[in-house]
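Novice: Contents of input.cif (mmCIF, C-alpha atoms) are below:
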```cif
data_model
#
loop_
_atom_site.group_PDB
_atom_site.id
_atom_site.type_symbol
_atom_site.label_atom_id
_atom_site.label_comp_id
_atom_site.auth_asym_id
_atom_site.auth_seq_id
_atom_site.Cartn_x
_atom_site.Cartn_y
_atom_site.Cartn_z
ATOM 1 C CA MET A 1 13.029 7.455 1.803
ATOM 2 C CA ILE A 2 9.244 7.363 1.454
ATOM 3 C CA PHE A 3 9.437 8.057 -2.270
ATOM 4 C CA GLU A 4 11.836 5.159 -2.821
ATOM 5 C CA ASN A 5 9.408 2.890 -0.955
ATOM 6 C CA LEU A 6 6.465 4.192 -2.987
ATOM 7 C CA LYS A 7 8.409 3.447 -6.183
ATOM 8 C CA LYS A 8 9.198 -0.036 -4.881
ATOM 9 C CA VAL A 9 5.499 -0.837 -4.464
ATOM 10 C CA LYS A 10 4.456 0.991 -7.676
ATOM 11 C CA ALA A 11 2.109 3.364 -5.850
ATOM 12 C CA TRP A 12 0.498 4.911 -8.899
ATOM 13 C CA VAL A 13 -2.278 4.276 -11.391
ATOM 14 C CA PRO A 14 -0.847 3.022 -14.694
ATOM 15 C CA VAL A 15 -1.795 5.262 -17.612
ATOM 16 C CA ASP A 16 0.563 6.217 -20.387
ATOM 17 C CA GLY A 17 -0.886 9.681 -21.022
ATOM 18 C CA THR A 18 -0.270 9.736 -24.766
ATOM 19 C CA TYR A 19 -3.950 9.907 -25.658
ATOM 20 C CA ASP A 20 -7.203 11.100 -24.142
ATOM 21 C CA LEU A 21 -8.570 8.294 -22.018
ATOM 22 C CA GLY A 22 -11.854 10.038 -21.345
ATOM 23 C CA SER A 23 -13.445 9.818 -17.948
ATOM 24 C CA GLY A 24 -12.217 6.992 -15.785
ATOM 25 C CA PRO A 25 -14.267 4.181 -14.320
ATOM 26 C CA ARG A 26 -16.942 5.245 -11.853
ATOM 27 C CA LEU A 27 -16.473 4.312 -8.224
ATOM 28 C CA THR A 28 -19.436 3.407 -6.083
ATOM 29 C CA MET A 29 -20.107 5.588 -3.052
ATOM 30 C CA GLU A 30 -19.032 2.633 -0.892
ATOM 31 C CA ASP A 31 -15.673 2.404 -2.695
ATOM 32 C CA GLN A 32 -15.196 6.161 -2.452
ATOM 33 C CA GLU A 33 -15.841 6.103 1.287
ATOM 34 C CA GLU A 34 -13.308 3.301 1.770
ATOM 35 C CA SER A 35 -10.658 4.944 -0.416
ATOM 36 C CA TYR A 36 -10.928 8.522 0.809
ATOM 37 C CA PRO A 37 -9.191 8.058 4.189
ATOM 38 C CA LEU A 38 -6.313 6.277 2.446
ATOM 39 C CA SER A 39 -5.950 9.073 -0.095
ATOM 40 C CA ARG A 40 -5.414 11.642 2.657
ATOM 41 C CA CYS A 41 -1.760 10.629 3.215
ATOM 42 C CA ILE A 42 0.463 13.717 3.077
ATOM 43 C CA SER A 43 3.754 11.764 3.027
ATOM 44 C CA CYS A 44 4.806 13.340 6.321
ATOM 45 C CA CYS A 45 6.620 10.119 7.371
ATOM 46 C CA CYS A 46 5.365 10.335 10.970
ATOM 47 C CA CYS A 47 4.252 6.695 10.758
ATOM 48 C CA MET A 48 7.724 5.653 9.701
ATOM 49 C CA GLU A 49 9.445 7.711 12.391
ATOM 50 C CA ALA A 50 7.266 6.131 15.087
ATOM 51 C CA CYS A 51 7.709 2.576 13.809
ATOM 52 C CA PRO A 52 10.281 0.440 15.675
ATOM 53 C CA GLN A 53 10.574 -1.811 12.607
ATOM 54 C CA PHE A 54 11.388 0.978 10.176
ATOM 55 C CA ASN A 55 15.180 1.052 10.119
ATOM 56 C CA GLU A 56 18.103 0.292 7.855
ATOM 57 C CA SER A 57 18.557 -3.258 9.111
ATOM 58 C CA THR A 58 15.019 -4.370 8.171
ATOM 59 C CA GLY A 59 14.535 -2.217 5.079
ATOM 60 C CA PHE A 60 10.812 -2.213 5.968
ATOM 61 C CA VAL A 61 8.782 -0.163 3.453
ATOM 62 C CA GLY A 62 6.592 1.256 6.208
ATOM 63 C CA ALA A 63 2.909 1.711 6.843
ATOM 64 C CA ALA A 64 2.472 4.609 4.401
ATOM 65 C CA ALA A 65 3.634 2.543 1.415
ATOM 66 C CA ILE A 66 1.505 -0.430 2.464
ATOM 67 C CA SER A 67 -1.547 1.791 2.807
ATOM 68 C CA GLN A 68 -0.914 3.203 -0.664
ATOM 69 C CA VAL A 69 -0.787 -0.359 -2.008
ATOM 70 C CA ARG A 70 -4.244 -0.883 -0.524
ATOM 71 C CA LEU A 71 -5.491 2.370 -2.060
ATOM 72 C CA PHE A 72 -4.198 1.686 -5.557
ATOM 73 C CA ASN A 73 -5.170 -2.005 -5.516
ATOM 74 C CA THR A 74 -8.788 -1.006 -4.883
ATOM 75 C CA HIS A 75 -8.826 1.524 -7.734
ATOM 76 C CA PRO A 76 -10.393 0.063 -10.917
ATOM 77 C CA THR A 77 -7.471 1.185 -13.111
ATOM 78 C CA GLY A 78 -4.846 0.694 -10.408
ATOM 79 C CA LYS A 79 -5.672 -3.006 -10.171
ATOM 80 C CA ALA A 80 -3.556 -3.540 -13.287
ATOM 81 C CA LEU A 81 -0.412 -3.550 -11.100
ATOM 82 C CA LYS A 82 -1.913 -5.403 -8.128
ATOM 83 C CA ARG A 83 0.162 -8.585 -8.531
ATOM 84 C CA GLU A 84 3.376 -6.589 -8.908
ATOM 85 C CA ARG A 85 2.607 -4.471 -5.826
ATOM 86 C CA LEU A 86 1.871 -7.519 -3.707
ATOM 87 C CA SER A 87 4.993 -9.280 -5.001
ATOM 88 C CA ALA A 88 7.081 -6.285 -3.964
ATOM 89 C CA LEU A 89 5.751 -6.722 -0.423
ATOM 90 C CA MET A 90 6.799 -10.392 -0.307
ATOM 91 C CA GLY A 91 10.518 -9.736 -0.407
ATOM 92 C CA ASP A 92 13.033 -8.103 1.886
ATOM 93 C CA GLY A 93 11.539 -5.132 3.694
ATOM 94 C CA GLY A 94 8.049 -6.289 2.850
ATOM 95 C CA ILE A 95 4.980 -6.659 4.968
ATOM 96 C CA GLN A 96 6.420 -9.514 7.029
ATOM 97 C CA GLU A 97 8.744 -6.966 8.673
ATOM 98 C CA CYS A 98 5.788 -5.278 10.404
ATOM 99 C CA GLY A 99 5.760 -6.045 14.128
ATOM 100 C CA TYR A 100 2.243 -4.584 14.623
ATOM 101 C CA ALA A 101 3.413 -2.122 17.282
ATOM 102 C CA GLN A 102 0.602 0.138 16.015
ATOM 103 C CA ASN A 103 2.603 3.305 16.690
ATOM 104 C CA CYS A 104 1.884 4.330 13.095
ATOM 105 C CA VAL A 105 -1.858 4.600 13.515
ATOM 106 C CA GLU A 106 -1.498 6.393 16.840
ATOM 107 C CA ILE A 107 0.726 9.134 15.449
ATOM 108 C CA CYS A 108 -0.817 9.668 11.992
ATOM 109 C CA PRO A 109 -1.981 13.300 11.794
ATOM 110 C CA LYS A 110 -4.603 12.375 9.165
ATOM 111 C CA ASP A 111 -6.092 9.424 11.102
ATOM 112 C CA ILE A 112 -5.441 7.035 8.243
ATOM 113 C CA PRO A 113 -6.471 3.467 9.190
ATOM 114 C CA LEU A 114 -2.921 2.142 8.762
ATOM 115 C CA THR A 115 -3.283 -1.027 10.822
ATOM 116 C CA LYS A 116 -6.378 -1.990 8.806
ATOM 117 C CA SER A 117 -4.372 -1.449 5.620
ATOM 118 C CA ILE A 118 -1.514 -3.574 6.943
ATOM 119 C CA SER A 119 -3.933 -6.327 7.913
ATOM 120 C CA GLU A 120 -5.836 -6.322 4.606
ATOM 121 C CA VAL A 121 -2.749 -6.097 2.418
ATOM 122 C CA GLY A 122 -1.067 -8.783 4.524
ATOM 123 C CA GLY A 123 -3.961 -11.117 3.753
ATOM 124 C CA GLN A 124 -3.726 -10.293 0.046
ATOM 125 C CA VAL A 125 0.019 -10.960 0.062
ATOM 126 C CA MET A 126 -0.529 -14.309 1.776
ATOM 127 C CA ARG A 127 -3.270 -15.354 -0.667
ATOM 128 C CA GLN A 128 -1.093 -14.428 -3.627
ATOM 129 C CA ALA A 129 1.944 -16.245 -2.192
ATOM 130 C CA ILE A 130 -0.081 -19.409 -1.665
ATOM 131 C CA GLY A 131 -1.615 -19.113 -5.128
ATOM 132 C CA ASP A 132 1.848 -18.679 -6.618
ATOM 133 C CA LEU A 133 2.965 -21.929 -4.964
ATOM 134 C CA PHE A 134 0.163 -23.844 -6.666
ATOM 135 C CA ARG A 135 0.805 -22.223 -10.057
ATOM 136 C CA LYS A 136 4.299 -23.692 -10.234
#
```
Output the structure of this file as structure tokens.
Specialist:
Amino acid sequence: MIFENLKKVKAWVPVDGTYDLGSGPRLTMEDQEESYPLSRCISCCCCMEACPQFNESTGFVGAAAISQVRLFNTHPTGKALKRERLSALMGDGGIQECGYAQNCVEICPKDIPLTKSISEVGGQVMRQAIGDLFRK
């Protein structure tokens, strides 16, 4: 299930791989320190198992997928899909399904700051949704 949710939110850095891209953009030490805890996810699904909102009736993508959205949206190359990732979290099973029980962050064996990711990505989703209303 986690891999379907990661596909839904496009949790990858877009490169086509048909030619040598050379070294990627440099990340500041500050950006590296913020990204590293998020990159430690081992896809164990503990956060999803502990979440009362993660079930078939809500279709909630779960904390792991939301945290990966945060990780890839902060990556200089990953930003290319930022709007698409945030749009995916606006629909059914998106970030609005989170009830903030915070079981995810309590059970995570890698101490990933999942509730911070949910909060930050939630704000990004809201800003994009409001911006989309004014673009119409």
Novice: In Å, with one decimal, what is the gap from atom CA of A:Gly62 to atom CA of A:Met48?
Specialist: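 One can read the atom CA of A:Gly62 to atom CA of A:Met48 distance as 5.7 Å.
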Novice: Just say which residues the PyMOL selection byres ((chain A and resi 50-59) around 12) picks in this file, as a PyMOL selection string.
Specialist: chain A and resi 1-2+4-5+8+44-49+60-65+89+91-108+114-115
Novice: Which residues of stretch 21-103 of chain A come within 12 Å of stretch 125-133 of chain A, and what is each one's closest atom pair and distance in Å (one decimal), counting all atoms listed in the file, sorted by chain and residue number, as CSV?
Specialist:
```
residue,atom,partner,partner_atom,distance
A:Ile66,CA,A:Val125,CA,10.9
A:Val69,CA,A:Val125,CA,10.8
A:Arg70,CA,A:Val125,CA,11.0
A:Asn73,CA,A:Val125,CA,11.8
A:Lys82,CA,A:Val125,CA,10.1
A:Arg83,CA,A:Gln128,CA,7.7
A:Glu84,CA,A:Gln128,CA,10.5
A:Arg85,CA,A:Val125,CA,9.1
A:Leu86,CA,A:Val125,CA,5.4
A:Ser87,CA,A:Val125,CA,7.3
A:Ala88,CA,A:Val125,CA,9.4
A:Leu89,CA,A:Val125,CA,7.1
A:Met90,CA,A:Val125,CA,6.8
A:Gly91,CA,A:Val125,CA,10.6
A:Gly94,CA,A:Val125,CA,9.7
A:Ile95,CA,A:Val125,CA,8.2
A:Gln96,CA,A:Val125,CA,9.6
```
Novice: Just to be explicit: take each residue in the selection above, keep C-alpha atoms, and write the result as a PDB file, in the coordinates of the input.
Specialist:
```
ATOM      1  CA  ILE A  66       1.505  -0.430   2.464  1.00  0.00           C
ATOM      2  CA  VAL A  69      -0.787  -0.359  -2.008  1.00  0.00           C
ATOM      3  CA  ARG A  70      -4.244  -0.883  -0.524  1.00  0.00           C
ATOM      4  CA  ASN A  73      -5.170  -2.005  -5.516  1.00  0.00           C
ATOM      5  CA  LYS A  82      -1.913  -5.403  -8.128  1.00  0.00           C
ATOM      6  CA  ARG A  83       0.162  -8.585  -8.531  1.00  0.00           C
ATOM      7  CA  GLU A  84       3.376  -6.589  -8.908  1.00  0.00           C
ATOM      8  CA  ARG A  85       2.607  -4.471  -5.826  1.00  0.00           C
ATOM      9  CA  LEU A  86       1.871  -7.519  -3.707  1.00  0.00           C
ATOM     10  CA  SER A  87       4.993  -9.280  -5.001  1.00  0.00           C
ATOM     11  CA  ALA A  88       7.081  -6.285  -3.964  1.00  0.00           C
ATOM     12  CA  LEU A  89       5.751  -6.722  -0.423  1.00  0.00           C
ATOM     13  CA  MET A  90       6.799 -10.392  -0.307  1.00  0.00           C
ATOM     14  CA  GLY A  91      10.518  -9.736  -0.407  1.00  0.00           C
ATOM     15  CA  GLY A  94       8.049  -6.289   2.850  1.00  0.00           C
ATOM     16  CA  ILE A  95       4.980  -6.659   4.968  1.00  0.00           C
ATOM     17  CA  GLN A  96       6.420  -9.514   7.029  1.00  0.00           C
TER      18      GLN A  96
END
```
Novice: Can you measure atom CA of A:Ser35 to atom CA of A:Ser117 for me? One decimal in Å is fine.
Specialist: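 These two atoms are separated by 10.8 Å.
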Novice: Could you state the separation of atom CA of A:Lys110 and atom CA of A:Lys7 in Å, given to one decimal place?
Specialist: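 Separating atom CA of A:Lys110 from atom CA of A:Lys7 is a distance of 22.0 Å.
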Novice: Suppose a student applies the PyMOL selection byres ((chain A and resi 11) around 7) to this structure; what residues should they get, written as a PyMOL selection string?
Specialist: chain A and resi 6-7+9-10+12+68-69+72
Novice: Select, from A:Ile118, A:Thr28, A:Ser23, A:Arg40, the residue with the minimum atom-to-atom distance to A:Ser67, counting all atoms listed in the file.
Specialist: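 Distance minimum relative to A:Ser67 lands on A:Ile118.
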Novice: What's the 12 Å shell around A:Val15, counting all atoms listed in the file, without same-chain residues fewer than 6 positions away, as a list in words?
Specialist: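 So, after excluding close chain neighbours, the residues are Leu21, Gly22, Gly24, Thr77, Gly78, Lys79, Ala80 and Leu81 of chain A.
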Novice: Let me have the centre and edge lengths of the axis-aligned box enclosing all listed atoms of stretch 77-88 of chain A with 8 Å padding on every side, in Å to one decimal, as JSON.
Specialist:
```
{"center_x": -0.2, "center_y": -4.0, "center_z": -8.5, "size_x": 30.6, "size_y": 26.5, "size_z": 25.6}
```
Novice: Pick from A:Arg135, A:Glu34, A:Thr74, A:Ser39: nearest to A:Val121, with all atoms listed in the file counted?
Specialist: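 Checking each candidate against A:Val121, we get A:Thr74 as the closest.
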